[in-house]
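With compact mmCIF, C-alpha atoms and all ligand atoms inside, this is structure.txt:
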# COMPACT_ATOMS: atom_id res chain seq x y z
CA MET A 1 93.80 101.15 125.43
CA ARG A 2 94.84 100.71 121.82
CA LEU A 3 92.81 101.73 118.77
CA ILE A 4 93.52 101.35 115.07
CA HIS A 5 92.29 104.17 112.81
CA THR A 6 92.00 103.87 109.03
CA ALA A 7 89.75 105.34 106.32
CA ASP A 8 89.30 105.90 102.58
CA ILE A 9 90.36 102.47 101.40
CA HIS A 10 87.86 102.63 98.49
CA LEU A 11 87.75 98.85 97.92
CA ASP A 12 86.61 98.05 94.33
CA ALA A 13 87.85 101.43 93.02
CA SER A 14 87.96 101.25 89.23
CA PHE A 15 91.38 102.84 88.51
CA ALA A 16 90.03 103.38 85.00
CA THR A 17 92.23 106.14 83.63
CA PRO A 18 93.19 106.36 79.97
CA GLY A 19 96.52 104.80 79.05
CA MET A 20 96.66 102.28 81.88
CA PRO A 21 97.58 98.77 80.70
CA ALA A 22 95.32 95.73 80.89
CA GLY A 23 95.37 94.15 84.34
CA PHE A 24 96.50 97.34 86.08
CA GLY A 25 93.14 98.02 87.75
CA GLY A 26 92.88 94.44 88.92
CA ARG A 27 96.33 94.57 90.49
CA ARG A 28 95.52 97.86 92.22
CA ARG A 29 92.23 96.48 93.60
CA GLN A 30 94.11 93.44 94.89
CA ALA A 31 96.65 95.76 96.57
CA LEU A 32 93.76 97.57 98.33
CA ARG A 33 92.55 94.23 99.70
CA ASP A 34 96.05 93.17 100.74
CA VAL A 35 96.66 96.45 102.53
CA PHE A 36 93.25 96.41 104.23
CA ARG A 37 93.96 92.87 105.44
CA SER A 38 97.38 93.94 106.77
CA VAL A 39 95.80 96.81 108.75
CA LEU A 40 93.43 94.34 110.46
CA HIS A 41 96.28 91.88 110.93
CA HIS A 42 98.22 94.62 112.72
CA ALA A 43 95.20 95.24 114.96
CA ARG A 44 95.11 91.57 115.91
CA LYS A 45 98.85 91.21 116.43
CA GLN A 46 99.08 94.40 118.54
CA GLY A 47 96.11 93.43 120.69
CA ALA A 48 93.98 96.41 119.66
CA ASP A 49 90.79 97.12 121.62
CA ALA A 50 88.96 98.44 118.57
CA VAL A 51 89.27 99.29 114.88
CA LEU A 52 87.84 102.61 113.68
CA ILE A 53 87.00 102.99 109.98
CA ALA A 54 86.18 106.63 109.21
CA GLY A 55 84.23 106.10 105.99
CA ASP A 56 84.80 105.32 102.31
CA LEU A 57 85.77 101.73 103.06
CA PHE A 58 83.95 100.95 99.81
CA ASP A 59 84.16 103.03 96.65
CA GLU A 60 80.38 102.87 96.15
CA GLU A 61 77.15 102.37 98.03
CA ARG A 62 77.10 98.76 96.81
CA ALA A 63 80.26 96.66 96.78
CA SER A 64 80.62 93.47 94.74
CA ALA A 65 79.50 90.20 96.33
CA ASP A 66 83.09 88.96 96.27
CA THR A 67 84.41 92.06 98.03
CA LEU A 68 81.70 91.75 100.69
CA ALA A 69 82.59 88.08 101.24
CA PHE A 70 86.25 89.11 101.62
CA VAL A 71 85.50 91.95 104.09
CA ARG A 72 83.14 89.73 106.12
CA ALA A 73 85.85 87.07 106.43
CA GLU A 74 88.47 89.65 107.47
CA PHE A 75 86.16 91.12 110.14
CA THR A 76 85.34 87.62 111.41
CA ALA A 77 89.08 86.90 111.72
CA LEU A 78 89.31 89.81 114.20
CA GLY A 79 87.46 87.62 116.69
CA ASP A 80 86.02 89.80 119.44
CA ILE A 81 87.85 93.01 118.48
CA PRO A 82 85.03 95.42 117.63
CA VAL A 83 85.06 97.34 114.32
CA TYR A 84 83.31 100.73 114.21
CA ILE A 85 82.36 102.05 110.79
CA ALA A 86 81.18 105.60 110.03
CA PRO A 87 79.92 105.44 106.40
CA GLY A 88 81.21 108.26 104.18
CA ASN A 89 80.08 110.09 101.06
CA HIS A 90 81.23 107.26 98.76
CA ASP A 91 79.69 104.45 100.82
CA PRO A 92 76.69 106.08 102.53
CA TYR A 93 74.33 104.09 104.70
CA THR A 94 71.10 103.70 102.75
CA ALA A 95 68.44 100.98 102.69
CA LYS A 96 70.02 99.33 99.65
CA SER A 97 73.67 99.86 100.67
CA SER A 98 76.05 96.96 101.31
CA TYR A 99 76.14 98.08 104.95
CA ALA A 100 72.37 97.57 105.32
CA THR A 101 71.99 94.40 103.23
CA THR A 102 74.93 92.30 104.47
CA ALA A 103 74.87 89.89 107.41
CA TRP A 104 77.86 91.23 109.36
CA PRO A 105 79.67 89.27 112.08
CA ALA A 106 78.82 90.15 115.68
CA ASN A 107 81.91 92.36 116.24
CA VAL A 108 80.92 94.89 113.53
CA ARG A 109 79.23 98.13 114.64
CA ILE A 110 77.97 100.38 111.87
CA PHE A 111 76.66 103.89 112.43
CA THR A 112 73.42 104.19 110.50
CA GLU A 113 72.08 107.72 111.08
CA PRO A 114 73.15 111.21 110.03
CA ARG A 115 73.35 112.28 113.70
CA TRP A 116 75.71 111.37 116.50
CA THR A 117 74.96 108.07 118.21
CA ALA A 118 77.19 105.98 120.47
CA PHE A 119 78.21 102.38 121.07
CA GLU A 120 79.29 101.30 124.54
CA GLU A 121 80.92 97.92 124.96
CA ALA A 122 79.99 95.81 127.96
CA GLY A 123 83.14 95.09 129.93
CA SER A 124 85.08 97.96 128.32
CA ARG A 125 85.57 101.63 129.22
CA LEU A 126 85.33 102.62 125.58
CA THR A 127 82.47 104.69 124.17
CA VAL A 128 82.60 105.33 120.42
CA HIS A 129 80.57 108.19 118.93
CA GLY A 130 79.88 108.45 115.23
CA PHE A 131 77.43 109.12 112.45
CA ALA A 132 76.74 107.97 108.91
CA PHE A 133 76.41 109.79 105.63
CA ASP A 134 72.87 108.89 104.46
CA GLY A 135 73.61 109.77 100.82
CA PRO A 136 76.44 111.19 98.71
CA GLU A 137 75.52 114.46 100.42
CA ILE A 138 74.57 114.13 104.07
CA SER A 139 71.00 115.32 104.79
CA THR A 140 71.95 117.15 108.01
CA ASN A 141 75.42 118.13 109.17
CA PRO A 142 76.06 116.65 112.65
CA TYR A 143 79.28 118.55 113.39
CA GLY A 144 78.95 120.93 116.31
CA ARG A 145 76.12 118.87 117.81
CA LEU A 146 77.94 116.18 119.77
CA THR A 147 77.32 116.29 123.50
CA LEU A 148 79.03 114.04 126.04
CA PRO A 149 77.88 113.08 129.53
CA ALA A 150 79.89 114.93 132.17
CA GLU A 151 82.68 112.96 133.86
CA ASP A 152 81.32 109.44 133.52
CA GLY A 153 84.79 107.92 133.75
CA ARG A 154 84.57 106.39 130.28
CA ILE A 155 86.97 106.85 127.38
CA HIS A 156 85.12 108.80 124.68
CA VAL A 157 86.36 108.77 121.10
CA GLY A 158 84.68 109.59 117.80
CA VAL A 159 84.79 108.31 114.23
CA ALA A 160 83.42 110.41 111.37
CA HIS A 161 83.74 111.48 107.75
CA GLY A 162 83.79 115.02 106.41
CA SER A 163 85.72 118.08 105.27
CA GLU A 164 87.58 120.13 107.85
CA MET A 165 87.50 123.62 106.36
CA SER A 166 90.94 124.94 107.24
CA CYS A 167 92.46 122.68 104.60
CA VAL A 168 89.85 122.80 101.85
CA SER A 169 89.91 125.30 99.02
CA THR A 170 86.58 126.96 98.26
CA GLU A 171 86.28 125.43 94.77
CA MET A 172 86.59 121.90 96.20
CA GLY A 173 83.30 120.30 97.10
CA ALA A 174 82.88 120.15 100.87
CA TYR A 175 81.17 117.13 102.45
CA ALA A 176 79.71 117.65 105.93
CA PRO A 177 81.98 120.69 106.28
CA PHE A 178 83.14 121.69 109.76
CA ARG A 179 85.71 123.71 111.62
CA ALA A 180 88.01 122.04 114.12
CA ALA A 181 86.50 124.07 116.98
CA ASP A 182 83.02 122.67 116.17
CA ALA A 183 84.19 119.08 116.21
CA ALA A 184 86.38 119.34 119.32
CA VAL A 185 84.23 118.58 122.36
CA ASP A 186 85.53 118.66 125.93
CA GLY A 187 85.90 115.10 127.11
CA LEU A 188 86.32 113.70 123.58
CA LEU A 189 89.87 112.33 123.64
CA TYR A 190 90.26 111.48 119.97
CA LEU A 191 88.32 112.02 116.75
CA ALA A 192 89.20 109.60 113.92
CA LEU A 193 88.50 111.38 110.65
CA GLY A 194 88.13 110.24 107.07
CA HIS A 195 87.72 111.93 103.67
CA TYR A 196 91.09 113.61 102.98
CA HIS A 197 93.41 110.98 101.56
CA ALA A 198 96.58 112.47 103.04
CA MET A 199 97.42 111.92 106.70
CA ARG A 200 96.89 115.16 108.58
CA ARG A 201 96.62 116.36 112.15
CA ILE A 202 93.92 118.96 112.77
CA GLU A 203 94.77 121.50 115.48
CA THR A 204 92.00 122.02 118.02
CA PRO A 205 91.44 124.67 120.69
CA ASN A 206 90.83 122.10 123.45
CA GLY A 207 92.28 118.74 124.42
CA THR A 208 90.64 116.71 121.63
CA LEU A 209 93.21 115.10 119.34
CA MET A 210 91.99 114.97 115.74
CA TYR A 211 93.56 113.21 112.77
CA TYR A 212 92.81 112.23 109.24
CA SER A 213 94.54 108.87 108.83
CA GLY A 214 94.61 109.27 105.06
CA THR A 215 94.27 106.29 102.80
CA PRO A 216 96.47 103.27 103.65
CA GLU A 217 97.25 102.72 99.93
CA GLY A 218 97.56 105.39 97.23
CA HIS A 219 94.95 105.55 94.47
CA SER A 220 96.52 107.93 91.94
CA PHE A 221 99.49 110.16 91.13
CA GLY A 222 97.73 112.75 93.28
CA GLU A 223 98.45 110.46 96.25
CA ALA A 224 102.19 110.01 95.73
CA GLY A 225 104.53 108.72 98.41
CA PRO A 226 104.13 106.10 101.15
CA ARG A 227 100.76 105.84 102.90
CA ARG A 228 99.87 104.92 106.47
CA PHE A 229 97.25 104.11 109.04
CA LEU A 230 97.27 105.21 112.68
CA GLN A 231 97.67 103.42 115.98
CA ILE A 232 96.16 105.33 118.91
CA ASP A 233 97.32 104.52 122.45
CA ILE A 234 95.46 105.96 125.42
CA ASP A 235 97.15 105.50 128.79
CA ASP A 236 95.60 105.41 132.27
CA ASP A 237 96.08 109.18 132.62
CA ARG A 238 94.12 109.67 129.36
CA ARG A 239 97.21 110.75 127.48
CA VAL A 240 96.82 109.96 123.79
CA THR A 241 99.73 108.91 121.56
CA VAL A 242 99.29 108.67 117.80
CA THR A 243 101.71 106.48 115.82
CA PRO A 244 101.60 106.37 112.00
CA ILE A 245 102.20 102.84 110.69
CA PRO A 246 103.47 102.49 107.10
CA SER A 247 101.07 100.37 105.05
CA SER A 248 101.24 101.02 101.30
CA ARG A 249 102.33 98.20 98.98
CA HIS A 250 102.50 100.11 95.72
CA VAL A 251 103.67 103.68 95.86
CA TYR A 252 102.97 106.40 93.33
CA GLU A 253 105.87 108.71 92.49
CA THR A 254 106.34 111.63 90.10
CA HIS A 255 109.63 113.02 88.79
CA GLU A 256 110.93 115.58 86.34
CA ILE A 257 114.25 115.11 84.58
CA ASP A 258 116.00 117.91 82.71
CA CYS A 259 117.59 116.14 79.75
CA SER A 260 119.40 119.18 78.30
CA PRO A 261 122.88 118.05 79.45
CA PHE A 262 122.46 114.50 78.10
CA ALA A 263 124.53 113.37 75.12
CA SER A 264 122.97 109.96 74.50
CA ALA A 265 120.06 107.73 75.48
CA GLN A 266 122.40 106.04 77.96
CA ASP A 267 122.45 109.25 80.04
CA VAL A 268 118.64 109.26 80.15
CA VAL A 269 118.52 105.60 81.19
CA ASP A 270 121.15 106.25 83.89
CA ALA A 271 119.19 109.25 85.20
CA ILE A 272 115.98 107.21 85.45
CA ARG A 273 117.79 104.31 87.15
CA ALA A 274 119.27 106.75 89.68
CA LEU A 275 115.90 108.22 90.72
CA PRO A 276 115.27 107.71 94.41
CA GLY A 277 112.54 105.08 94.75
CA PRO A 278 110.33 104.31 97.72
CA GLU A 279 110.69 101.01 99.51
CA ALA A 280 107.65 99.28 98.14
CA GLU A 281 106.53 96.11 96.42
CA GLY A 282 105.75 98.09 93.32
CA ARG A 283 106.60 101.54 92.00
CA ILE A 284 104.03 103.41 89.94
CA ALA A 285 105.95 106.25 88.35
CA ARG A 286 105.27 109.24 86.16
CA ILE A 287 108.52 110.64 84.79
CA ARG A 288 108.47 113.82 82.75
CA LEU A 289 111.44 114.27 80.43
CA GLN A 290 111.99 117.93 79.70
CA GLY A 291 114.63 120.34 78.49
CA SER A 292 116.25 119.91 75.12
CA CYS A 293 116.86 116.62 73.39
CA ALA A 294 120.15 116.26 71.49
CA GLU A 295 119.85 115.04 67.92
CA ALA A 296 121.83 111.90 68.76
CA TRP A 297 119.04 110.44 70.86
CA GLN A 298 115.96 111.91 69.18
CA GLY A 299 113.75 108.95 68.28
CA GLU A 300 115.19 106.75 71.04
CA LEU A 301 112.35 107.29 73.51
CA GLN A 302 110.65 103.94 72.93
CA ARG A 303 113.95 102.12 73.48
CA ILE A 304 114.55 104.14 76.68
CA TYR A 305 111.07 103.23 77.90
CA GLU A 306 111.64 99.54 77.21
CA ALA A 307 115.01 99.62 78.98
CA VAL A 308 113.71 101.08 82.25
CA ALA A 309 110.04 99.99 82.38
CA PRO A 310 110.74 96.57 84.03
CA GLN A 311 111.87 98.28 87.25
CA PHE A 312 108.38 99.75 87.67
CA ASP A 313 104.97 98.18 88.19
CA PHE A 314 103.77 100.91 85.87
CA LEU A 315 105.69 103.69 84.16
CA ASP A 316 104.22 106.75 82.46
CA LEU A 317 107.12 108.33 80.56
CA VAL A 318 106.01 111.81 79.51
CA ASP A 319 107.77 113.35 76.54
CA ALA A 320 107.97 117.10 77.15
CA LEU A 321 111.26 117.48 75.29
CA GLU A 322 112.20 120.22 72.87
CA PRO A 323 114.46 119.29 69.97
CA ALA A 324 117.93 120.78 70.44
CA GLU A 325 118.55 123.93 68.41
CA ASP A 326 121.13 123.75 65.62
CA LEU A 327 122.97 126.90 66.74
CA ASP A 328 125.44 126.95 63.86
CA ALA A 329 122.57 126.91 61.37
CA LEU A 330 120.86 129.70 63.35
CA ALA A 331 124.07 131.75 63.33
CA ARG A 332 124.04 131.69 59.51
CA GLU A 333 120.52 133.13 59.37
CA GLN A 334 120.18 136.76 58.27
CA SER A 335 117.73 137.65 61.03
CA SER A 336 117.79 139.27 64.46
CA LEU A 337 117.85 135.78 66.00
CA GLY A 338 120.85 134.89 63.80
CA ALA A 339 122.62 138.09 64.88
CA PHE A 340 121.92 137.31 68.55
CA VAL A 341 123.35 133.79 68.21
CA ARG A 342 126.48 135.04 66.34
CA ARG A 343 127.09 137.68 69.02
CA LEU A 344 126.77 135.22 71.94
CA GLN A 345 128.89 132.57 70.20
CA GLU A 346 131.63 135.15 69.78
CA GLU A 347 131.44 136.20 73.44
CA ILE A 348 131.62 132.53 74.48
CA ARG A 349 134.74 132.08 72.33
CA PHE A 350 136.48 134.96 74.15
CA ALA A 351 135.14 134.19 77.66
CA VAL A 352 137.81 134.70 80.35
CA ASP A 353 137.09 131.42 82.14
CA GLU A 354 134.78 128.39 82.12
CA ASP A 355 132.36 130.03 84.60
CA GLU A 356 131.76 132.94 82.30
CA ALA A 357 131.45 130.63 79.30
CA ALA A 358 128.81 128.56 81.13
CA ARG A 359 126.84 131.70 82.00
CA LEU A 360 127.00 132.89 78.40
CA ARG A 361 125.90 129.47 77.04
CA ARG A 362 122.91 129.63 79.39
CA ALA A 363 122.20 133.20 78.22
CA LEU A 364 122.30 131.98 74.62
CA GLU A 365 119.96 129.07 75.41
CA THR A 366 117.58 131.36 77.34
CA GLY A 367 117.60 134.00 74.59
CA VAL A 368 116.78 131.48 71.87
CA ALA A 369 114.03 129.94 74.03
CA ALA A 370 112.55 133.40 74.69
CA PHE A 371 112.65 134.13 70.96
CA ARG A 372 110.80 130.86 70.30
CA GLY A 373 108.30 131.64 73.07
CA ARG A 374 109.04 128.48 75.05
CA THR A 375 110.01 128.04 78.69
CA LEU A 376 113.14 126.34 79.97
CA PRO A 377 113.41 124.09 83.02
CA ILE A 378 115.08 125.77 85.99
CA ARG A 379 118.58 124.53 86.77
CA GLY A 380 120.76 124.90 89.83
CA ALA A 381 122.77 127.71 88.26
CA ASP A 382 119.68 129.91 87.85
CA ARG A 383 118.60 129.80 91.46
CA GLY A 384 121.50 131.90 92.73
MN MN A 401 85.10 110.79 101.13
As a first step, turn the structure in this file into structure tokens.
Amino acid sequence: MRLIHTADIHLDASFATPGMPAGFGGRRRQALRDVFRSVLHHARKQGADAVLIAGDLFDEERASADTLAFVRAEFTALGDIPVYIAPGNHDPYTAKSSYATTAWPANVRIFTEPRWTAFEEAGSRLTVHGFAFDGPEISTNPYGRLTLPAEDGRIHVGVAHGSEMSCVSTEMGAYAPFRAADAAVDGLLYLALGHYHAMRRIETPNGTLMYYSGTPEGHSFGEAGPRRFLQIDIDDDRRVTVTPIPSSRHVYETHEIDCSPFASAQDVVDAIRALPGPEAEGRIARIRLQGSCAEAWQGELQRIYEAVAPQFDFLDLVDALEPAEDLDALAREQSSLGAFVRRLQEEIRFAVDEDEAARLRRALETGVAAFRGRTLPIRGADRG
């Protein structure tokens, strides 16, 4: 038996963050649709027995008419492969929700209540248990209340949304919070979870396998790196194998570059071009330039941005540079900082070898930075 598990697609998400260019949100929303379609296409091609969507398929209770028409068509294209949906905190099942007010094709099964219920397919051994958020906060927490019939020979799996507490910090809002031990039920082979956007296996004290699939396409710099969905294979001996399938089209990435050693803008451009990039249709990058900026290329940042921006779908080039210190001017100052610089410059002049000179130059740089009350980026030489 083969199942496909995905969650947290957030179709129609706004992507409205300050500084994003015109058209960016539209391209991101299109990528969410493309990736969602490719997940269902994989299900069809691999002969899946069911698709499990563990909530937050939509970003809001009500999706746009166009998005609903798209999703309906994609579900219809699955033919007789059933789709099980456990509505989450972003797309709860309410009387006015898209889930309740849309005419879904016959293969779509939506959980509608904030308590465990089950679907059994005629002609299949599969039983799928799940529940729905009935509002942004669920009215009753169903975790710990699932009971299974003893030894009925069927394959029991679950699909649900919520916050497993071992990986949530106390300040973070918890939605239908639970502990792994409460959600693991003897006889439940697999629980398909949604809510956390990173793929994660949850350890359980019994034989239940439990995973967050994470989102199949990143939504922000907080979701950097390639994203996946999961293929679940259950063999005749009820052994469960989970295979992550890469799915993201556009991949968020963040980098920091220490520009202190760079003599010209060309060095900065070369460093950005050399950054390891994910294999993706589009790269969405935030690159933070830090360290000191030599006088020669102060004021060249716009030109650097224009030179490298075409290799990204979107580039946020963050200027965290400090202007380079004019050490010779400092050395002429009649101040304790001037005396410090003169002393170190003299020691550098009489250093016994290049290693010592490099250490002393770093000491000079660190001392001046400390005097100015600013921090320096860590370099290899400091890690020891
Ligand atoms: Mn959620």
Exercise. Enumerate as a PyMOL selection string the residues within 7 Å of ligand MN 401 (chain A), counting all atoms listed in the file.
Key: chain A and resi 8+55-56+88-90+161-162+194-196
Just the selected residues (C-alpha atoms), exported as a tab-separated table (two decimals), keeping the file's coordinate frame, please.
chain	number	residue	atom	x	y	z
A	8	ASP	CA	89.30	105.90	102.58
A	55	GLY	CA	84.23	106.10	105.99
A	56	ASP	CA	84.80	105.32	102.31
A	88	GLY	CA	81.21	108.26	104.18
A	89	ASN	CA	80.08	110.09	101.06
A	90	HIS	CA	81.23	107.26	98.76
A	161	HIS	CA	83.74	111.48	107.75
A	162	GLY	CA	83.79	115.02	106.41
A	194	GLY	CA	88.13	110.24	107.07
A	195	HIS	CA	87.72	111.93	103.67
A	196	TYR	CA	91.09	113.61	102.98
Note to self: Nearest residue to A:Ser247 out of A:Leu52, A:Leu40, A:Leu57, A:Ala181, using all atoms listed in the file?
What the structure shows: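 Of the candidates, the smallest distance to A:Ser247 is held by A:Leu40.
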Would you tabulate, counting all atoms listed in the file, all residues of stretch 181-232 of chain A that have an atom at most 12 Å from an atom of stretch 107-126 of chain A, showing the closest pair of atoms and their distance in Å to one decimal, sorted by chain then ascending number, as JSON lines?
{"residue": "A:Ala183", "atom": "CA", "partner": "A:Trp116", "partner_atom": "CA", "distance": 11.5}
{"residue": "A:Leu188", "atom": "CA", "partner": "A:Leu126", "partner_atom": "CA", "distance": 11.3}
{"residue": "A:Leu189", "atom": "CA", "partner": "A:Leu126", "partner_atom": "CA", "distance": 10.9}
{"residue": "A:Tyr190", "atom": "CA", "partner": "A:Leu126", "partner_atom": "CA", "distance": 11.6}
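The nearest approach to A:His197 among the residues A:Met1, A:Ala7, A:Leu209, A:Ile284, with only C-alpha atoms taken into account, belongs to A:Ala7.
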In the coordinate frame of the file, compute which residues have an atom within 12 Å of (90.8, 99.6, 99.5) when using only C-alpha atoms, and state them as a PyMOL selection string. chain A and resi 6-15+26-39+53+55-60+63+67+70-71+197+214-219+247-249
As a check of understanding: the span from atom CA of A:His250 to atom CA of A:Gly19 is 18.3 Å
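Among A:Pro205, A:Gly130, A:Pro142, A:Pro92, the residue with the shortest atom-to-atom distance to A:Arg62, counting all atoms listed in the file, is A:Pro92.
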Output file request: stretch 7-50 of chain A, with C-alpha atoms, as a tab-separated table (two decimals), in the first residue's frame.
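To be explicit, this is the file written out as out-v8.tsv:
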chain	number	residue	atom	x	y	z
A	7	ALA	CA	0.61	19.49	4.40
A	8	ASP	CA	0.94	23.24	4.89
A	9	ILE	CA	0.83	24.27	1.26
A	10	HIS	CA	-0.99	27.52	2.17
A	11	LEU	CA	-2.40	28.13	-1.33
A	12	ASP	CA	-3.22	31.85	-1.85
A	13	ALA	CA	-0.65	32.94	0.78
A	14	SER	CA	-0.06	36.67	0.37
A	15	PHE	CA	3.78	36.84	0.57
A	16	ALA	CA	3.24	40.51	1.38
A	17	THR	CA	6.48	41.51	3.08
A	18	PRO	CA	7.98	44.98	2.74
A	19	GLY	CA	10.59	45.38	0.03
A	20	MET	CA	9.38	42.58	-2.22
A	21	PRO	CA	9.10	43.63	-5.88
A	22	ALA	CA	5.88	43.81	-7.87
A	23	GLY	CA	4.84	40.41	-9.18
A	24	PHE	CA	6.81	38.49	-6.54
A	25	GLY	CA	3.72	37.36	-4.59
A	26	GLY	CA	1.99	36.26	-7.77
A	27	ARG	CA	4.99	34.17	-8.83
A	28	ARG	CA	5.20	32.57	-5.38
A	29	ARG	CA	1.47	31.72	-5.39
A	30	GLN	CA	1.88	30.18	-8.84
A	31	ALA	CA	4.83	28.11	-7.52
A	32	LEU	CA	2.59	26.81	-4.70
A	33	ARG	CA	0.05	25.66	-7.29
A	34	ASP	CA	2.72	24.09	-9.50
A	35	VAL	CA	4.23	22.21	-6.58
A	36	PHE	CA	0.83	21.06	-5.29
A	37	ARG	CA	0.01	19.78	-8.77
A	38	SER	CA	3.35	17.93	-8.96
A	39	VAL	CA	2.66	16.21	-5.61
A	40	LEU	CA	-0.67	14.90	-6.95
A	41	HIS	CA	0.97	14.01	-10.26
A	42	HIS	CA	3.50	11.92	-8.33
A	43	ALA	CA	0.63	10.17	-6.54
A	44	ARG	CA	-0.94	9.26	-9.87
A	45	LYS	CA	2.28	8.18	-11.53
A	46	GLN	CA	3.36	6.04	-8.55
A	47	GLY	CA	-0.03	4.37	-8.25
A	48	ALA	CA	-0.74	5.71	-4.76
A	49	ASP	CA	-3.69	4.25	-2.84
A	50	ALA	CA	-4.45	7.55	-1.10
